[in-house]
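The structure appears right after this line, and notes come after that.
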Amino acid sequence: MDILIQAFLLVVRPDVIVTILLASLFGLFVGAIPGLTATMATALLVPVTFFMDPIPALGAIVTASAMAIFSGDIPAALLRMPGTPASAAYTDESYKLGKKGMLDLTLGTNVVFSAMGGMFGVAILVFAAPWLAEVALKFSSFEYFWLACLGLTCAVFISTTDPVKGFASLFLGLAFATVGIDPVVGHPRFTFGSIELLQGISFIPAMIALFAVSEVLRQALVIGDPVEQVSAHIGNIFKGIGAMIRRYKFNFLRSSTIGVAIGALPGAGGDIAAWITYAVSKKFSKEPEKFGTGHIEGIVDATSANNAALAGAWIPALVFGIPGDSITAIVIGVLYMKGMNPGPTVFLHNPQLIYGVFIIFIIANLMLVPLGLIAIKSAKQILRLPRQLLIPIILMFCIVGAFAITNSILAVVILLVLGILGWVLEENGFPVAPIILGMVLGEMLEMNFMTSMIKADGSFLAFFERPIAGVLGAMTLLVWAGMIWTGLRPKRAAA
Amino acid sequence: MTRLTRRTFMTAATGAAATATLGAPSFAQAYPSRPIQLICPWGAGGGTDAVARIVGTLLEKDLGQPVTVVNRTGGNGVVGHSAIATAAPDGYTIGLLTVEIVMMHWMGLTQLGPADYTPIGLVNEDAPVVIVKSDGPYKDLKALIDAIKANPGKLKASGTAQGGIWHLALVGMLQALKIPPSAVPWVPSTGAAAGLQDLVAGGVDIVCCSAPEGKSLVDAGRVKYLTVMAPRRDPTLPDLQTLKEITGAEYATGVWRGIAGPKNLPAPIFDKLLASLKKAYDSKEYKEFMTNRNFGMSWSAGPDFGAFMVKADAAMGESMKSAGLAK
């Protein structure tokens, strides 16, 4: 109890409150700009946190990243551009809902379920941290290999078009993932002697290219046309939300739980949580045929999950010093800088600081609703901007964002090349989302497959020998068998 | 070869021109007149990045101009190291060199070596430790060595990429113990954290990395240090015996980090940076930071750092060749 009071006193200080308010606005802004990610918001905050005490420093990161993950949903709904990769899974869906005149409901769902998902994540972080991290810690390369397989299988669930075209996109993404230094033996591949290409095709510039630049190109074709307004007025975004919560309470609980678990898994963050929960939602929905046409259900799932994952990622980061996602990878650096070396001892030596962080997590998710409303109301102004102004500015932010991630001009080249490629592919009915998933999971798949084979001295059976790996492997094989079976069935009927 | 000659010529020419025009005292006083870039070849959030940032902050205080840390990652460090080497030698681009600069060229990843830089100062050195699971079957290093000898090829080790510094440390230790390196196959990982997690998860049996990298899991009681490969014990871990104390076999290596500029940095700029770096190294903030993170402090200035790298380069070439990792 003493510790809680101490923690509370550490948080309720004018400088801390001002810092987290400013960080919130910064996070909302960065998240809403397509191409600037929550990870980037965190990275940009690090030099500033150098001069702060531990609580405001960590508080700034917690609030900025929570706000950025939510506000990535705003341009997704308004402009069909995910503000952060965490919104990419349901960008099409929210944009189509907006087109149907349900923009208020979409944005209301985003803000309320983001805050609720975040809160759910914090609750798990506070009460079940040690136990959940224990589960994730039992994962070796065998388990990660199967997780990557399940993730790639999701790419096929997500692609709504011709499965053949979905597979083509997926393999294109996997091919991109092979560029650079081989993760296992360290041999350069497809670099054509270029030093810059040794780092591979970075995921962030590719994501901005495929989701934003291709959209910019599409818009550039009609830039002279009268601006197509999605909805000139954002009304009461909270109307009908109560009914949504009642209707989808099970979806919310399921996806927030999955979100926290995926967040706590090292390497997988909000973006993968959103993809997976969206696919799960479609799989178990009573109306799967509505997915992809502008249906709110998948958004409820994914928008809850990506915010829940954010808190989930802190679990292994705080307890064992293993980052759950790219944001907490930076957080661990900040913890060390502040002398709060992550590990169980931090709970013994500085419990008031850890509880202070938890309190800030709760405050951040409470503030998400009013501040999110302000962000939505002001983001609406983007729609009023003439396209001739907006499109070049977005392109500029895309280029700056791509450059900022790698500090290299190669990122800008990747951005432009993949932007054009993405546009051409989409115009011809190839989905771009599987490319991104292939790029994210490609290296994870290869690395874990190869290291597993080294550990097992080349025996495939080892992939099923460990209990968790065996279950995950059996699940994956069942899903594949199901896919092959459903794929073959219409052929038989025709024959 | 043509490219290299031309670049060498160009840098030499630029350097000469810079010295001629900028060598005047008025310039020395004016430097730095704009922000300085400090290139870090490793990602934001990691140990090298943290060292680069603390050094950057302290240099900034002394030089009175912003020192921005720029992460140029990828290619096992090739990308960042080559960005430092190919920058204009005007003092506005400097960088953090890591042990990889004496390893990458032996693997055939690049032609860059210590000779392509103006060394300013070594700021840190860390020795490798051997880590196993706390609840595993090996209570000390002797038990582990016996198990390796009894079942060659059965135990697997991890901690970094194939041919990375910790891989070499393990190979070096095995060779010093007269055990063939193939007795412990290396499982490549993206870093020490990933290797340690795999150790806890039971995927591998041994992890070789630096003491600070393993600290949080050791404190958590998950894993334990068995030995340190250094000439003497680590002052922050006074109870941990060195390899020589336990086995009598002599082997020591380690990672190090130092600040350097491109080749042919003009003398007045070099002097200013060296003075500033020395001040940063001696500061209370730096000592506090390094102690907090369990990083080893180690200092050698300018030419001494250069000589250190040349020596390290030769030693590394030898051990990589005998481990079969050099191209």
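So you can find residues: chains in the structure tokens are A, B, ... in the order shown, residues in each start at 1, and ligands are numbered from 1 in order.
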Within 8 Å of chain A, which residues of chain B show up? Give each one with its shortest atom-to-atom distance in Å (one decimal) and the two atoms involved, counting only C-alpha atoms, rows by chain then rising residue number, as a Markdown table.
| residue | atom | partner | partner_atom | distance |
| --- | --- | --- | --- | --- |
| B:Ala44 | CA | A:Ile330 | CA | 6.6 |
| B:Gly45 | CA | A:Ile330 | CA | 4.3 |
| B:Gly46 | CA | A:Gly333 | CA | 6.4 |
| B:Gly47 | CA | A:Gly333 | CA | 7.6 |
| B:Ala50 | CA | A:Gly333 | CA | 6.8 |
| B:Val70 | CA | A:Asn407 | CA | 6.9 |
| B:Asn71 | CA | A:Asn407 | CA | 6.9 |
| B:Arg72 | CA | A:Thr406 | CA | 6.1 |
| B:Thr73 | CA | A:Gln199 | CA | 6.8 |
| B:Gly74 | CA | A:Gln199 | CA | 3.8 |
| B:Gly75 | CA | A:Leu198 | CA | 4.5 |
| B:Asn76 | CA | A:Ile181 | CA | 7.6 |
| B:Val78 | CA | A:Ile195 | CA | 7.2 |
| B:Val79 | CA | A:Ile195 | CA | 6.0 |
| B:Ser82 | CA | A:Ile195 | CA | 8.0 |
| B:Leu109 | CA | A:Pro188 | CA | 7.7 |
| B:Lys156 | CA | A:Lys455 | CA | 6.6 |
| B:Ala161 | CA | A:Val184 | CA | 6.7 |
| B:Gln162 | CA | A:Val185 | CA | 5.4 |
| B:Gly163 | CA | A:Gly186 | CA | 7.8 |
| B:Pro185 | CA | A:Ile454 | CA | 7.8 |
| B:Val187 | CA | A:Thr451 | CA | 5.7 |
| B:Pro188 | CA | A:Val184 | CA | 5.6 |
| B:Ser189 | CA | A:Val184 | CA | 7.5 |
| B:Thr190 | CA | A:Pro183 | CA | 7.5 |
| B:Ala193 | CA | A:Ile322 | CA | 6.6 |
| B:Gln197 | CA | A:Leu137 | CA | 6.5 |
| B:Asp198 | CA | A:Ser140 | CA | 5.3 |
| B:Val200 | CA | A:Leu137 | CA | 6.9 |
| B:Ala201 | CA | A:Lys138 | CA | 4.3 |
| B:Gly202 | CA | A:Ser140 | CA | 7.0 |
| B:Gly203 | CA | A:Ser140 | CA | 5.3 |
| B:Val204 | CA | A:Lys455 | CA | 7.3 |
| B:Ser216 | CA | A:Gly343 | CA | 5.0 |
| B:Leu217 | CA | A:Phe320 | CA | 6.2 |
| B:Asp219 | CA | A:Thr345 | CA | 6.9 |
| B:Ala220 | CA | A:Pro344 | CA | 5.6 |
| B:Phe289 | CA | A:Met337 | CA | 6.8 |
| B:Asn292 | CA | A:Gly339 | CA | 5.7 |
| B:Arg293 | CA | A:Tyr336 | CA | 6.2 |
Selected residues written out with N, CA and C atoms, as a tab-separated table (two decimals), in the first residue's frame:
chain	number	residue	atom	x	y	z
B	44	ALA	N	18.80	1.34	-32.78
B	44	ALA	CA	18.39	2.11	-31.62
B	44	ALA	C	17.90	1.16	-30.53
B	45	GLY	N	18.28	1.42	-29.29
B	45	GLY	CA	17.81	0.59	-28.18
B	45	GLY	C	18.82	-0.43	-27.72
B	46	GLY	N	19.81	-0.75	-28.54
B	46	GLY	CA	20.80	-1.75	-28.15
B	46	GLY	C	21.92	-1.14	-27.32
B	47	GLY	N	22.89	-1.99	-26.93
B	47	GLY	CA	23.98	-1.54	-26.09
B	47	GLY	C	24.88	-0.53	-26.79
B	50	ALA	N	23.26	2.78	-27.01
B	50	ALA	CA	23.25	3.48	-25.72
B	50	ALA	C	24.58	4.17	-25.48
B	70	VAL	N	23.03	8.96	-35.42
B	70	VAL	CA	22.30	8.47	-36.58
B	70	VAL	C	22.55	6.97	-36.68
B	71	ASN	N	21.49	6.17	-36.59
B	71	ASN	CA	21.65	4.71	-36.67
B	71	ASN	C	21.65	4.27	-38.12
B	72	ARG	N	22.79	3.72	-38.57
B	72	ARG	CA	22.85	3.15	-39.93
B	72	ARG	C	23.10	1.67	-39.74
B	73	THR	N	22.01	0.89	-39.75
B	73	THR	CA	22.12	-0.51	-39.36
B	73	THR	C	22.16	-1.43	-40.57
B	74	GLY	N	22.37	-2.70	-40.30
B	74	GLY	CA	22.24	-3.73	-41.32
B	74	GLY	C	23.58	-4.26	-41.78
B	75	GLY	N	23.50	-5.41	-42.45
B	75	GLY	CA	24.68	-6.02	-43.01
B	75	GLY	C	25.73	-6.34	-41.97
B	76	ASN	N	25.31	-6.83	-40.79
B	76	ASN	CA	26.23	-7.17	-39.71
B	76	ASN	C	27.17	-6.03	-39.37
B	78	VAL	N	28.22	-3.66	-41.57
B	78	VAL	CA	28.94	-3.15	-42.74
B	78	VAL	C	28.40	-1.78	-43.13
B	79	VAL	N	27.09	-1.63	-43.15
B	79	VAL	CA	26.47	-0.39	-43.66
B	79	VAL	C	26.95	0.82	-42.87
B	82	SER	N	30.77	1.51	-43.14
B	82	SER	CA	31.19	2.08	-44.42
B	82	SER	C	30.71	3.51	-44.54
B	109	LEU	N	32.93	-9.72	-46.27
B	109	LEU	CA	31.73	-8.90	-46.40
B	109	LEU	C	32.06	-7.51	-46.92
B	156	LYS	N	24.47	-27.57	-27.97
B	156	LYS	CA	24.45	-26.48	-28.94
B	156	LYS	C	24.63	-25.16	-28.21
B	161	ALA	N	25.24	-13.97	-34.35
B	161	ALA	CA	25.18	-14.54	-35.70
B	161	ALA	C	26.35	-15.50	-35.92
B	162	GLN	N	26.25	-16.30	-36.98
B	162	GLN	CA	27.34	-17.18	-37.38
B	162	GLN	C	28.58	-16.34	-37.65
B	163	GLY	N	29.71	-16.68	-37.01
B	163	GLY	CA	30.94	-15.91	-37.23
B	163	GLY	C	30.99	-14.62	-36.44
B	185	PRO	N	28.19	-27.29	-31.92
B	185	PRO	CA	27.69	-26.55	-33.08
B	185	PRO	C	27.07	-25.21	-32.66
B	187	VAL	N	24.42	-22.22	-33.02
B	187	VAL	CA	23.09	-21.91	-33.53
B	187	VAL	C	23.01	-20.39	-33.67
B	188	PRO	N	22.96	-19.86	-34.90
B	188	PRO	CA	22.99	-18.40	-35.05
B	188	PRO	C	21.75	-17.76	-34.45
B	189	SER	N	21.91	-16.58	-33.85
B	189	SER	CA	20.75	-15.84	-33.33
B	189	SER	C	20.94	-14.38	-33.71
B	190	THR	N	19.87	-13.61	-33.58
B	190	THR	CA	19.95	-12.20	-33.97
B	190	THR	C	20.69	-11.38	-32.92
B	193	ALA	N	20.24	-11.35	-26.63
B	193	ALA	CA	18.93	-11.48	-25.98
B	193	ALA	C	18.17	-12.67	-26.54
B	197	GLN	N	17.18	-16.11	-24.56
B	197	GLN	CA	15.80	-16.57	-24.43
B	197	GLN	C	15.70	-18.03	-24.86
B	198	ASP	N	16.44	-18.36	-25.92
B	198	ASP	CA	16.44	-19.75	-26.40
B	198	ASP	C	17.06	-20.68	-25.35
B	200	VAL	N	16.88	-20.21	-22.07
B	200	VAL	CA	15.86	-20.39	-21.03
B	200	VAL	C	14.76	-21.33	-21.53
B	201	ALA	N	14.43	-21.21	-22.82
B	201	ALA	CA	13.37	-22.04	-23.41
B	201	ALA	C	13.83	-23.47	-23.66
B	202	GLY	N	15.12	-23.74	-23.47
B	202	GLY	CA	15.63	-25.09	-23.67
B	202	GLY	C	16.01	-25.40	-25.11
B	203	GLY	N	16.07	-24.38	-25.96
B	203	GLY	CA	16.43	-24.60	-27.37
B	203	GLY	C	17.92	-24.83	-27.55
B	204	VAL	N	18.74	-24.17	-26.74
B	204	VAL	CA	20.18	-24.38	-26.80
B	204	VAL	C	20.69	-24.65	-25.38
B	216	SER	N	20.37	-9.41	-16.62
B	216	SER	CA	19.00	-9.40	-16.08
B	216	SER	C	18.49	-10.83	-15.88
B	217	LEU	N	18.88	-11.76	-16.77
B	217	LEU	CA	18.43	-13.14	-16.59
B	217	LEU	C	19.20	-13.86	-15.49
B	219	ASP	N	20.26	-12.24	-12.76
B	219	ASP	CA	19.61	-11.70	-11.57
B	219	ASP	C	18.26	-12.36	-11.33
B	220	ALA	N	17.60	-12.74	-12.43
B	220	ALA	CA	16.29	-13.39	-12.31
B	220	ALA	C	16.42	-14.83	-11.86
B	289	PHE	N	26.88	5.94	-15.94
B	289	PHE	CA	26.14	5.23	-16.98
B	289	PHE	C	26.73	3.85	-17.23
B	292	ASN	N	26.19	1.56	-14.24
B	292	ASN	CA	24.78	1.14	-14.15
B	292	ASN	C	24.48	-0.01	-15.09
B	293	ARG	N	25.06	0.04	-16.28
B	293	ARG	CA	24.75	-0.99	-17.27
B	293	ARG	C	25.78	-2.12	-17.25
Inset, instruction - Just list the residues in region 32-159 of chain B DSSP gives alpha helix (DSSP H) on the backbone, as an NGL selection string. - result: :B and (47-63 or 78-86 or 141-150)
Write a file of the selected residues as a tab-separated table (two decimals), in the first residue's frame, keeping N, CA and C atoms.
chain	number	residue	atom	x	y	z
B	47	GLY	N	22.89	-1.99	-26.93
B	47	GLY	CA	23.98	-1.54	-26.09
B	47	GLY	C	24.88	-0.53	-26.79
B	48	THR	N	25.22	-0.81	-28.06
B	48	THR	CA	26.10	0.10	-28.80
B	48	THR	C	25.43	1.45	-28.98
B	49	ASP	N	24.13	1.41	-29.26
B	49	ASP	CA	23.37	2.64	-29.43
B	49	ASP	C	23.40	3.45	-28.14
B	50	ALA	N	23.26	2.78	-27.01
B	50	ALA	CA	23.25	3.48	-25.72
B	50	ALA	C	24.58	4.17	-25.48
B	51	VAL	N	25.69	3.45	-25.81
B	51	VAL	CA	27.01	4.04	-25.63
B	51	VAL	C	27.17	5.25	-26.55
B	52	ALA	N	26.73	5.10	-27.82
B	52	ALA	CA	26.83	6.20	-28.77
B	52	ALA	C	26.06	7.42	-28.25
B	53	ARG	N	24.88	7.17	-27.68
B	53	ARG	CA	24.05	8.29	-27.23
B	53	ARG	C	24.64	9.00	-26.02
B	54	ILE	N	25.18	8.25	-25.08
B	54	ILE	CA	25.76	8.92	-23.91
B	54	ILE	C	26.99	9.71	-24.34
B	55	VAL	N	27.83	9.11	-25.22
B	55	VAL	CA	29.02	9.83	-25.71
B	55	VAL	C	28.57	11.08	-26.47
B	56	GLY	N	27.55	10.92	-27.32
B	56	GLY	CA	27.04	12.05	-28.10
B	56	GLY	C	26.59	13.19	-27.20
B	57	THR	N	25.83	12.85	-26.16
B	57	THR	CA	25.32	13.88	-25.25
B	57	THR	C	26.46	14.62	-24.57
B	58	LEU	N	27.48	13.85	-24.14
B	58	LEU	CA	28.59	14.48	-23.43
B	58	LEU	C	29.44	15.33	-24.37
B	59	LEU	N	29.64	14.86	-25.62
B	59	LEU	CA	30.41	15.64	-26.60
B	59	LEU	C	29.68	16.94	-26.89
B	60	GLU	N	28.34	16.83	-26.99
B	60	GLU	CA	27.52	17.99	-27.31
B	60	GLU	C	27.71	19.08	-26.25
B	61	LYS	N	27.72	18.65	-24.98
B	61	LYS	CA	27.89	19.59	-23.87
B	61	LYS	C	29.20	20.34	-24.01
B	62	ASP	N	30.25	19.62	-24.40
B	62	ASP	CA	31.58	20.22	-24.44
B	62	ASP	C	31.79	21.04	-25.71
B	63	LEU	N	31.29	20.53	-26.85
B	63	LEU	CA	31.58	21.18	-28.13
B	63	LEU	C	30.63	22.34	-28.40
B	78	VAL	N	28.22	-3.66	-41.57
B	78	VAL	CA	28.94	-3.15	-42.74
B	78	VAL	C	28.40	-1.78	-43.13
B	79	VAL	N	27.09	-1.63	-43.15
B	79	VAL	CA	26.47	-0.39	-43.66
B	79	VAL	C	26.95	0.82	-42.87
B	80	GLY	N	26.86	0.75	-41.55
B	80	GLY	CA	27.25	1.89	-40.71
B	80	GLY	C	28.74	2.16	-40.77
B	81	HIS	N	29.53	1.10	-40.70
B	81	HIS	CA	30.99	1.29	-40.73
B	81	HIS	C	31.42	1.91	-42.05
B	82	SER	N	30.77	1.51	-43.14
B	82	SER	CA	31.19	2.08	-44.42
B	82	SER	C	30.71	3.51	-44.54
B	83	ALA	N	29.57	3.86	-43.90
B	83	ALA	CA	29.11	5.25	-43.92
B	83	ALA	C	30.10	6.17	-43.20
B	84	ILE	N	30.72	5.66	-42.13
B	84	ILE	CA	31.70	6.47	-41.40
B	84	ILE	C	32.95	6.66	-42.28
B	85	ALA	N	33.41	5.55	-42.88
B	85	ALA	CA	34.66	5.59	-43.65
B	85	ALA	C	34.53	6.47	-44.88
B	86	THR	N	33.35	6.48	-45.50
B	86	THR	CA	33.22	7.20	-46.77
B	86	THR	C	32.76	8.64	-46.58
B	141	LEU	N	31.93	-25.06	-14.79
B	141	LEU	CA	32.53	-25.16	-16.11
B	141	LEU	C	33.11	-26.56	-16.36
B	142	LYS	N	33.71	-27.16	-15.31
B	142	LYS	CA	34.33	-28.48	-15.48
B	142	LYS	C	33.28	-29.50	-15.92
B	143	ALA	N	32.10	-29.46	-15.28
B	143	ALA	CA	31.02	-30.39	-15.64
B	143	ALA	C	30.60	-30.18	-17.09
B	144	LEU	N	30.55	-28.92	-17.49
B	144	LEU	CA	30.14	-28.61	-18.87
B	144	LEU	C	31.17	-29.15	-19.85
B	145	ILE	N	32.45	-28.94	-19.55
B	145	ILE	CA	33.50	-29.41	-20.44
B	145	ILE	C	33.47	-30.94	-20.55
B	146	ASP	N	33.25	-31.60	-19.41
B	146	ASP	CA	33.16	-33.07	-19.44
B	146	ASP	C	32.02	-33.53	-20.34
B	147	ALA	N	30.88	-32.84	-20.22
B	147	ALA	CA	29.72	-33.21	-21.04
B	147	ALA	C	30.00	-33.01	-22.51
B	148	ILE	N	30.71	-31.91	-22.85
B	148	ILE	CA	31.05	-31.65	-24.25
B	148	ILE	C	31.96	-32.76	-24.77
B	149	LYS	N	32.94	-33.13	-23.94
B	149	LYS	CA	33.90	-34.16	-24.38
B	149	LYS	C	33.22	-35.52	-24.52
B	150	ALA	N	32.25	-35.80	-23.63
B	150	ALA	CA	31.59	-37.10	-23.66
B	150	ALA	C	30.69	-37.26	-24.87
Inset, instruction - Write out as a list of chain:residue names the residues lying within 9 Å of Met444 (chain A), counting only C-alpha atoms and excluding same-chain residues fewer than 2 positions away. - result: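 After dropping sequence-adjacent residues, the list is A:Tyr144, A:Phe145, A:Ala148, A:Gly267, A:Val440, A:Leu441, A:Gly442, A:Glu446, A:Met447, A:Asn448, A:Phe449.
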Legend entry - Top pick for closest residue to Lys278 (chain B), considering B:Leu196, B:Gln241, B:Leu122, B:Ala315 and counting only C-alpha atoms: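 Closest residue, counting only C-alpha atoms: B:Leu122.
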Give me the region 232-276 of chain A side of the contact with region 57-69 of chain A, cut-off 12 Å, one line per residue showing its nearest atom pair and distance in Å at one decimal, counting only C-alpha atoms, sorted by chain and residue number, as a Markdown table.
| residue | atom | partner | partner_atom | distance |
| --- | --- | --- | --- | --- |
| A:Gly269 | CA | A:Ile69 | CA | 11.0 |
| A:Gly270 | CA | A:Ile69 | CA | 8.0 |
| A:Asp271 | CA | A:Ile69 | CA | 9.4 |
| A:Ala274 | CA | A:Ile69 | CA | 11.0 |
Inset, instruction - Find the spatial neighbours of region 31-36 of chain B, counting only C-alpha atoms, within a cut-off of 10 Å - ignore same-chain residues fewer than 3 positions away - and output them as an MDAnalysis selection string. - result: chainID B and resid 22 26:28 39 56 59:60 63:69 90:94 268:269 272:273
Store the residues picked out above in a file with N, CA and C atoms, as a short mmCIF file (atom, residue, chain, number, x, y, z; two decimals), in the first residue's frame.
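File produced: out07.cif:
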data_model
loop_
_atom_site.label_atom_id
_atom_site.label_comp_id
_atom_site.auth_asym_id
_atom_site.auth_seq_id
_atom_site.Cartn_x
_atom_site.Cartn_y
_atom_site.Cartn_z
N LEU B 22 41.86 24.55 -44.27
CA LEU B 22 41.18 24.64 -43.00
C LEU B 22 42.14 24.54 -41.83
N SER B 26 42.31 30.03 -37.26
CA SER B 26 40.97 30.59 -37.20
C SER B 26 39.93 29.49 -37.38
N PHE B 27 40.28 28.51 -38.23
CA PHE B 27 39.32 27.43 -38.43
C PHE B 27 39.22 26.56 -37.19
N ALA B 28 40.38 26.26 -36.63
CA ALA B 28 40.39 25.39 -35.46
C ALA B 28 39.49 25.97 -34.37
N ILE B 39 27.61 8.49 -36.28
CA ILE B 39 26.98 7.31 -36.87
C ILE B 39 27.17 6.10 -35.97
N GLY B 56 27.55 10.92 -27.32
CA GLY B 56 27.04 12.05 -28.10
C GLY B 56 26.59 13.19 -27.20
N LEU B 59 29.64 14.86 -25.62
CA LEU B 59 30.41 15.64 -26.60
C LEU B 59 29.68 16.94 -26.89
N GLU B 60 28.34 16.83 -26.99
CA GLU B 60 27.52 17.99 -27.31
C GLU B 60 27.71 19.08 -26.25
N LEU B 63 31.29 20.53 -26.85
CA LEU B 63 31.58 21.18 -28.13
C LEU B 63 30.63 22.34 -28.40
N GLY B 64 29.50 22.37 -27.72
CA GLY B 64 28.57 23.48 -27.90
C GLY B 64 27.78 23.42 -29.18
N GLN B 65 27.83 22.28 -29.87
CA GLN B 65 27.01 22.08 -31.08
C GLN B 65 26.26 20.76 -30.91
N PRO B 66 25.05 20.66 -31.47
CA PRO B 66 24.31 19.39 -31.35
C PRO B 66 25.11 18.23 -31.95
N VAL B 67 25.14 17.10 -31.23
CA VAL B 67 25.74 15.88 -31.77
C VAL B 67 24.61 14.87 -31.93
N THR B 68 24.25 14.60 -33.18
CA THR B 68 23.09 13.74 -33.44
C THR B 68 23.54 12.32 -33.70
N VAL B 69 22.96 11.37 -32.96
CA VAL B 69 23.27 9.97 -33.22
C VAL B 69 22.39 9.48 -34.37
N ASP B 90 35.70 16.05 -42.47
CA ASP B 90 35.62 17.45 -42.06
C ASP B 90 35.24 17.60 -40.58
N GLY B 91 35.16 16.45 -39.89
CA GLY B 91 34.83 16.51 -38.47
C GLY B 91 33.34 16.59 -38.20
N TYR B 92 32.53 16.71 -39.24
CA TYR B 92 31.09 16.80 -39.01
C TYR B 92 30.40 15.44 -39.12
N THR B 93 31.15 14.43 -39.53
CA THR B 93 30.64 13.06 -39.46
C THR B 93 31.69 12.21 -38.76
N ILE B 94 31.33 11.72 -37.58
CA ILE B 94 32.20 10.78 -36.89
C ILE B 94 31.35 9.55 -36.59
N PRO B 268 43.85 19.71 -36.36
CA PRO B 268 43.18 20.55 -35.36
C PRO B 268 41.82 19.98 -34.95
N ILE B 269 41.11 19.41 -35.91
CA ILE B 269 39.80 18.83 -35.61
C ILE B 269 39.98 17.60 -34.75
N LYS B 272 40.76 18.56 -31.19
CA LYS B 272 39.57 19.06 -30.49
C LYS B 272 38.66 17.90 -30.09
N LEU B 273 38.43 16.97 -31.02
CA LEU B 273 37.55 15.84 -30.73
C LEU B 273 38.14 14.95 -29.65
#
Inset, instruction - Step one, run DSSP on the backbone; step two, keep only residues of region 96-140 of chain B assigned to strand (DSSP E or B); then write them as an MDAnalysis selection string. - result: chainID B and resid 96:98 117:126 128:133
The selected residues should be written to file as a short mmCIF file (atom, residue, chain, number, x, y, z; two decimals), in the first residue's frame (atoms: N, CA and C atoms).
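Saved as result_37.cif:
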data_model
loop_
_atom_site.label_atom_id
_atom_site.label_comp_id
_atom_site.auth_asym_id
_atom_site.auth_seq_id
_atom_site.Cartn_x
_atom_site.Cartn_y
_atom_site.Cartn_z
N LEU B 96 30.87 5.50 -34.28
CA LEU B 96 31.27 4.54 -33.26
C LEU B 96 31.71 3.26 -33.98
N LEU B 97 32.97 2.87 -33.80
CA LEU B 97 33.43 1.61 -34.38
C LEU B 97 33.23 0.50 -33.35
N THR B 98 32.86 -0.69 -33.84
CA THR B 98 32.76 -1.82 -32.93
C THR B 98 33.70 -2.92 -33.40
N TYR B 117 40.12 4.53 -41.13
CA TYR B 117 39.58 5.51 -40.18
C TYR B 117 40.68 6.33 -39.52
N THR B 118 40.29 7.46 -38.93
CA THR B 118 41.15 8.18 -38.02
C THR B 118 40.67 7.83 -36.61
N PRO B 119 41.37 6.93 -35.90
CA PRO B 119 40.90 6.55 -34.57
C PRO B 119 41.00 7.73 -33.60
N ILE B 120 39.94 7.96 -32.83
CA ILE B 120 39.96 9.07 -31.86
C ILE B 120 40.12 8.52 -30.44
N GLY B 121 39.30 7.56 -30.06
CA GLY B 121 39.48 6.99 -28.73
C GLY B 121 38.64 5.76 -28.48
N LEU B 122 39.25 4.78 -27.79
CA LEU B 122 38.52 3.59 -27.35
C LEU B 122 37.79 3.94 -26.06
N VAL B 123 36.51 3.57 -25.95
CA VAL B 123 35.77 3.98 -24.75
C VAL B 123 35.21 2.82 -23.93
N ASN B 124 35.27 1.61 -24.47
CA ASN B 124 34.66 0.50 -23.73
C ASN B 124 35.21 -0.84 -24.20
N GLU B 125 35.28 -1.81 -23.28
CA GLU B 125 35.71 -3.17 -23.61
C GLU B 125 34.97 -4.14 -22.70
N ASP B 126 34.44 -5.22 -23.26
CA ASP B 126 33.73 -6.21 -22.45
C ASP B 126 34.19 -7.62 -22.83
N PRO B 128 33.90 -11.91 -22.91
CA PRO B 128 32.82 -12.89 -23.01
C PRO B 128 32.69 -13.73 -21.74
N VAL B 129 31.45 -14.13 -21.47
CA VAL B 129 31.20 -15.05 -20.37
C VAL B 129 30.49 -16.28 -20.93
N VAL B 130 30.60 -17.41 -20.23
CA VAL B 130 29.87 -18.62 -20.61
C VAL B 130 28.67 -18.73 -19.68
N ILE B 131 27.48 -18.90 -20.28
CA ILE B 131 26.25 -18.93 -19.50
C ILE B 131 25.50 -20.23 -19.77
N VAL B 132 24.98 -20.85 -18.70
CA VAL B 132 24.11 -22.02 -18.85
C VAL B 132 22.87 -21.79 -17.98
N LYS B 133 21.88 -22.67 -18.15
CA LYS B 133 20.65 -22.59 -17.34
C LYS B 133 20.97 -22.86 -15.88
#
Inset, instruction - Show which residues sit within 12 Å of region 306-309 of chain B, as number ranges by chain. Count only C-alpha atoms, and ignore same-chain residues fewer than 5 positions away. - result: B: 97-103, 113-122, 125, 255-261, 263, 298-301, 314-317
Inset, instruction - Do a neighbour search on Phe203 (chain A) at 9 Å with only C-alpha atoms, toss out local chain neighbours closer than 5 positions, and write the hits as a list in words. - result: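 Answer for this query is Ala177, Ile208, Ile436, Met439 and Val440 of chain A.
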Would you mind listing what lies within 6 Å of Gly117 (chain A) as a tab-separated table (two decimals) with N, CA and C atoms, in the first residue's frame, with only C-alpha atoms counted and same-chain residues fewer than 4 positions away left out?
chain	number	residue	atom	x	y	z
A	113	PHE	N	-12.87	1.17	-28.41
A	113	PHE	CA	-12.29	-0.17	-28.27
A	113	PHE	C	-10.76	-0.12	-28.12
A	256	SER	N	-8.70	-9.03	-27.24
A	256	SER	CA	-7.78	-8.38	-26.30
A	256	SER	C	-6.86	-9.43	-25.69
A	304	SER	N	-9.04	-3.41	-30.83
A	304	SER	CA	-8.83	-3.75	-29.42
A	304	SER	C	-7.48	-4.43	-29.25
A	307	ASN	N	-4.04	-2.28	-29.36
A	307	ASN	CA	-3.75	-1.52	-28.14
A	307	ASN	C	-3.47	-2.44	-26.95
A	308	ALA	N	-4.14	-3.61	-26.93
A	308	ALA	CA	-3.88	-4.56	-25.85
A	308	ALA	C	-2.45	-5.09	-25.96
